[in-house]
Amino acid sequence: MPKNVRHKINETDTVKFLDVLNQTLDDNLQRIESDRNMMLAILDYAGGVLRLSGQHEETIVRGAR
């Protein structure tokens with residue numbers, strides 16, 4: 001579900017995009033009557049540096065061998 005939502009939101013402003021994404025995911029979870037939680041993490045990898053942003057508890061990163 002989350003991967004598909006990204007392609008359906010036509011918004012270039014980051015704040016508006018995240019607001020629409022959050023509302024859309026919340027609406028979908030309520031529609032299917034799910035009490036599960038979802039986490040949004042943004043990964044940025046450039047120049048050999050990985051940056052992780054989000055409200056997360058633990059993240060496992062596995063590199064290719």
# chains A, B, ... in the order shown; residues from 1 in each chain; ligands from 1
call {"tool": "residues_around", "arguments": {"residues": "A:Val20", "least_positions_apart": "5", "cutoff": "9 Å", "atoms": "only C-alpha atoms", "output": "MDAnalysis selection string"}}
result
chainID A and resid 9 11 15 25
call {"tool": "select_by_dssp", "arguments": {"residues": "chain A", "states": "alpha helix (DSSP H)", "output": "list in words"}}
result
Pro2, Lys3, Asn4, Val5, Arg6, His7, Lys8, Thr14, Val15, Lys16, Phe17, Leu18, Asp19, Val20, Leu21, Asn22, Gln23, Thr24, Leu25, Asp26, Asp27, Asn28, Leu29, Gln30 and Arg31 of chain A
call {"tool": "atom_distance", "arguments": {"atom1": "atom CA of A:Ser34", "atom2": "atom CA of A:Glu57"}}
result
21.3 Å
call {"tool": "atom_distance", "arguments": {"atom1": "atom CA of A:Gln55", "atom2": "atom CA of A:Gln30"}}
result
21.2 Å
call {"tool": "residues_around", "arguments": {"residues": "stretch 60-63 of chain A", "least_positions_apart": "6", "cutoff": "12 Å", "atoms": "only C-alpha atoms", "output": "list in words"}}
result
Ala41, Leu43, Tyr45, Gly48, Leu50, Arg51 and Leu52 of chain A
call {"tool": "select_by_dssp", "arguments": {"residues": "chain A", "states": "strand (DSSP E)", "output": "MDAnalysis selection string"}}
result
chainID A and resid 41:46 49:54
call {"tool": "write_last_selection", "arguments": {"atoms": "N, CA, C and O atoms", "output": "PDB file, in the first residue's frame"}}
result
ATOM      1  N   ALA A  41      10.257   6.320   7.124  1.00  0.00           N
ATOM      2  CA  ALA A  41      11.677   6.639   7.256  1.00  0.00           C
ATOM      3  C   ALA A  41      12.178   7.071   5.885  1.00  0.00           C
ATOM      4  O   ALA A  41      11.850   6.470   4.869  1.00  0.00           O
ATOM      5  N   ILE A  42      12.952   8.119   5.877  1.00  0.00           N
ATOM      6  CA  ILE A  42      13.512   8.614   4.625  1.00  0.00           C
ATOM      7  C   ILE A  42      15.010   8.331   4.651  1.00  0.00           C
ATOM      8  O   ILE A  42      15.725   8.755   5.562  1.00  0.00           O
ATOM      9  N   LEU A  43      15.477   7.578   3.647  1.00  0.00           N
ATOM     10  CA  LEU A  43      16.887   7.234   3.533  1.00  0.00           C
ATOM     11  C   LEU A  43      17.510   8.058   2.421  1.00  0.00           C
ATOM     12  O   LEU A  43      16.955   8.165   1.335  1.00  0.00           O
ATOM     13  N   ASP A  44      18.665   8.633   2.704  1.00  0.00           N
ATOM     14  CA  ASP A  44      19.399   9.409   1.709  1.00  0.00           C
ATOM     15  C   ASP A  44      20.817   8.883   1.686  1.00  0.00           C
ATOM     16  O   ASP A  44      21.526   8.930   2.692  1.00  0.00           O
ATOM     17  N   TYR A  45      21.222   8.341   0.544  1.00  0.00           N
ATOM     18  CA  TYR A  45      22.568   7.791   0.417  1.00  0.00           C
ATOM     19  C   TYR A  45      23.294   8.538  -0.682  1.00  0.00           C
ATOM     20  O   TYR A  45      22.875   8.527  -1.838  1.00  0.00           O
ATOM     21  N   ALA A  46      24.362   9.225  -0.320  1.00  0.00           N
ATOM     22  CA  ALA A  46      25.151   9.965  -1.301  1.00  0.00           C
ATOM     23  C   ALA A  46      26.585  10.063  -0.804  1.00  0.00           C
ATOM     24  O   ALA A  46      26.826  10.309   0.376  1.00  0.00           O
ATOM     25  N   VAL A  49      27.711   8.132   2.302  1.00  0.00           N
ATOM     26  CA  VAL A  49      27.111   8.456   3.591  1.00  0.00           C
ATOM     27  C   VAL A  49      25.614   8.154   3.545  1.00  0.00           C
ATOM     28  O   VAL A  49      24.919   8.570   2.621  1.00  0.00           O
ATOM     29  N   LEU A  50      25.137   7.423   4.544  1.00  0.00           N
ATOM     30  CA  LEU A  50      23.716   7.106   4.647  1.00  0.00           C
ATOM     31  C   LEU A  50      23.100   7.962   5.740  1.00  0.00           C
ATOM     32  O   LEU A  50      23.571   7.970   6.880  1.00  0.00           O
ATOM     33  N   ARG A  51      22.051   8.692   5.377  1.00  0.00           N
ATOM     34  CA  ARG A  51      21.320   9.501   6.353  1.00  0.00           C
ATOM     35  C   ARG A  51      19.921   8.929   6.494  1.00  0.00           C
ATOM     36  O   ARG A  51      19.256   8.650   5.505  1.00  0.00           O
ATOM     37  N   LEU A  52      19.497   8.805   7.727  1.00  0.00           N
ATOM     38  CA  LEU A  52      18.188   8.254   8.038  1.00  0.00           C
ATOM     39  C   LEU A  52      17.401   9.292   8.816  1.00  0.00           C
ATOM     40  O   LEU A  52      17.860   9.801   9.840  1.00  0.00           O
ATOM     41  N   SER A  53      16.232   9.634   8.315  1.00  0.00           N
ATOM     42  CA  SER A  53      15.366  10.604   8.987  1.00  0.00           C
ATOM     43  C   SER A  53      14.012   9.955   9.238  1.00  0.00           C
ATOM     44  O   SER A  53      13.502   9.230   8.397  1.00  0.00           O
ATOM     45  N   GLY A  54      13.442  10.250  10.385  1.00  0.00           N
ATOM     46  CA  GLY A  54      12.127   9.711  10.695  1.00  0.00           C
ATOM     47  C   GLY A  54      11.992   9.455  12.172  1.00  0.00           C
ATOM     48  O   GLY A  54      12.938   9.581  12.950  1.00  0.00           O
TER      49      GLY A  54
END
call {"tool": "atom_distance", "arguments": {"atom1": "atom CA of A:Thr59", "atom2": "atom CA of A:Met39"}}
result
10.9 Å
call {"tool": "residues_around", "arguments": {"residues": "A:Leu18", "least_positions_apart": "4", "cutoff": "10 Å", "atoms": "only C-alpha atoms", "output": "PDB file with C-alpha atoms, in the first residue's frame"}}
result
ATOM      1  CA  ARG A   6       3.643   7.696  -3.645  1.00  0.00           C
ATOM      2  CA  ILE A   9       0.124  11.893  -5.109  1.00  0.00           C
ATOM      3  CA  GLU A  11       2.491  17.190  -5.128  1.00  0.00           C
ATOM      4  CA  ASP A  13       5.920  20.721  -2.019  1.00  0.00           C
ATOM      5  CA  THR A  14       7.500  18.438   0.602  1.00  0.00           C
ATOM      6  CA  ASN A  22      -0.066  10.728   6.024  1.00  0.00           C
ATOM      7  CA  GLN A  23      -3.775  11.430   5.524  1.00  0.00           C
ATOM      8  CA  THR A  24      -4.039   8.923   2.671  1.00  0.00           C
ATOM      9  CA  LEU A  40       7.911   6.521   7.599  1.00  0.00           C
TER      10      LEU A  40
END
call {"tool": "decode", "arguments": {"residues": "chain A", "atoms": "C-alpha atoms", "output": "PDB file, in the first residue's frame"}}
result
ATOM      1  CA  MET A   1       0.000   0.000   0.000  1.00  0.00           C
ATOM      2  CA  PRO A   2       2.614   2.693   0.901  1.00  0.00           C
ATOM      3  CA  LYS A   3       4.639   2.198  -2.273  1.00  0.00           C
ATOM      4  CA  ASN A   4       1.560   2.656  -4.432  1.00  0.00           C
ATOM      5  CA  VAL A   5       0.470   5.824  -2.638  1.00  0.00           C
ATOM      6  CA  ARG A   6       3.643   7.696  -3.645  1.00  0.00           C
ATOM      7  CA  HIS A   7       2.845   7.356  -7.346  1.00  0.00           C
ATOM      8  CA  LYS A   8      -0.704   8.634  -6.915  1.00  0.00           C
ATOM      9  CA  ILE A   9       0.124  11.893  -5.109  1.00  0.00           C
ATOM     10  CA  ASN A  10       0.826  14.742  -7.518  1.00  0.00           C
ATOM     11  CA  GLU A  11       2.491  17.190  -5.128  1.00  0.00           C
ATOM     12  CA  THR A  12       5.955  18.782  -5.316  1.00  0.00           C
ATOM     13  CA  ASP A  13       5.920  20.721  -2.019  1.00  0.00           C
ATOM     14  CA  THR A  14       7.500  18.438   0.602  1.00  0.00           C
ATOM     15  CA  VAL A  15       5.325  19.552   3.514  1.00  0.00           C
ATOM     16  CA  LYS A  16       2.109  19.208   1.502  1.00  0.00           C
ATOM     17  CA  PHE A  17       3.271  15.860   0.089  1.00  0.00           C
ATOM     18  CA  LEU A  18       3.925  14.405   3.555  1.00  0.00           C
ATOM     19  CA  ASP A  19       0.589  15.749   4.813  1.00  0.00           C
ATOM     20  CA  VAL A  20      -1.306  14.150   1.919  1.00  0.00           C
ATOM     21  CA  LEU A  21       0.686  10.919   2.299  1.00  0.00           C
ATOM     22  CA  ASN A  22      -0.066  10.728   6.024  1.00  0.00           C
ATOM     23  CA  GLN A  23      -3.775  11.430   5.524  1.00  0.00           C
ATOM     24  CA  THR A  24      -4.039   8.923   2.671  1.00  0.00           C
ATOM     25  CA  LEU A  25      -2.365   6.145   4.639  1.00  0.00           C
ATOM     26  CA  ASP A  26      -4.484   6.882   7.712  1.00  0.00           C
ATOM     27  CA  ASP A  27      -7.680   6.845   5.629  1.00  0.00           C
ATOM     28  CA  ASN A  28      -6.703   3.523   4.039  1.00  0.00           C
ATOM     29  CA  LEU A  29      -5.878   1.902   7.387  1.00  0.00           C
ATOM     30  CA  GLN A  30      -9.210   3.019   8.821  1.00  0.00           C
ATOM     31  CA  ARG A  31     -11.049   1.850   5.705  1.00  0.00           C
ATOM     32  CA  ILE A  32      -9.662  -1.673   6.043  1.00  0.00           C
ATOM     33  CA  GLU A  33     -10.235  -1.555   9.814  1.00  0.00           C
ATOM     34  CA  SER A  34      -6.613  -2.214  10.695  1.00  0.00           C
ATOM     35  CA  ASP A  35      -5.064  -1.304  14.022  1.00  0.00           C
ATOM     36  CA  ARG A  36      -1.520  -1.750  12.734  1.00  0.00           C
ATOM     37  CA  ASN A  37       1.060   1.016  12.905  1.00  0.00           C
ATOM     38  CA  MET A  38       3.244   2.258  10.106  1.00  0.00           C
ATOM     39  CA  MET A  39       6.572   4.089  10.181  1.00  0.00           C
ATOM     40  CA  LEU A  40       7.911   6.521   7.599  1.00  0.00           C
ATOM     41  CA  ALA A  41      11.677   6.639   7.256  1.00  0.00           C
ATOM     42  CA  ILE A  42      13.512   8.614   4.625  1.00  0.00           C
ATOM     43  CA  LEU A  43      16.887   7.234   3.533  1.00  0.00           C
ATOM     44  CA  ASP A  44      19.399   9.409   1.709  1.00  0.00           C
ATOM     45  CA  TYR A  45      22.568   7.791   0.417  1.00  0.00           C
ATOM     46  CA  ALA A  46      25.151   9.965  -1.301  1.00  0.00           C
ATOM     47  CA  GLY A  47      28.921   9.993  -1.351  1.00  0.00           C
ATOM     48  CA  GLY A  48      29.165   6.882   0.790  1.00  0.00           C
ATOM     49  CA  VAL A  49      27.111   8.456   3.591  1.00  0.00           C
ATOM     50  CA  LEU A  50      23.716   7.106   4.647  1.00  0.00           C
ATOM     51  CA  ARG A  51      21.320   9.501   6.353  1.00  0.00           C
ATOM     52  CA  LEU A  52      18.188   8.254   8.038  1.00  0.00           C
ATOM     53  CA  SER A  53      15.366  10.604   8.987  1.00  0.00           C
ATOM     54  CA  GLY A  54      12.127   9.711  10.695  1.00  0.00           C
ATOM     55  CA  GLN A  55      10.533   8.801  13.954  1.00  0.00           C
ATOM     56  CA  HIS A  56      11.846   5.277  14.253  1.00  0.00           C
ATOM     57  CA  GLU A  57      13.020   3.045  17.049  1.00  0.00           C
ATOM     58  CA  GLU A  58      15.477   0.691  15.366  1.00  0.00           C
ATOM     59  CA  THR A  59      16.612   0.246  11.807  1.00  0.00           C
ATOM     60  CA  ILE A  60      18.567  -2.620  10.272  1.00  0.00           C
ATOM     61  CA  VAL A  61      20.688  -1.716   7.256  1.00  0.00           C
ATOM     62  CA  ARG A  62      22.116  -4.548   5.195  1.00  0.00           C
ATOM     63  CA  GLY A  63      24.634  -3.834   2.468  1.00  0.00           C
ATOM     64  CA  ALA A  64      25.298  -5.904  -0.628  1.00  0.00           C
ATOM     65  CA  ARG A  65      28.280  -8.246  -0.526  1.00  0.00           C
TER      66      ARG A  65
END
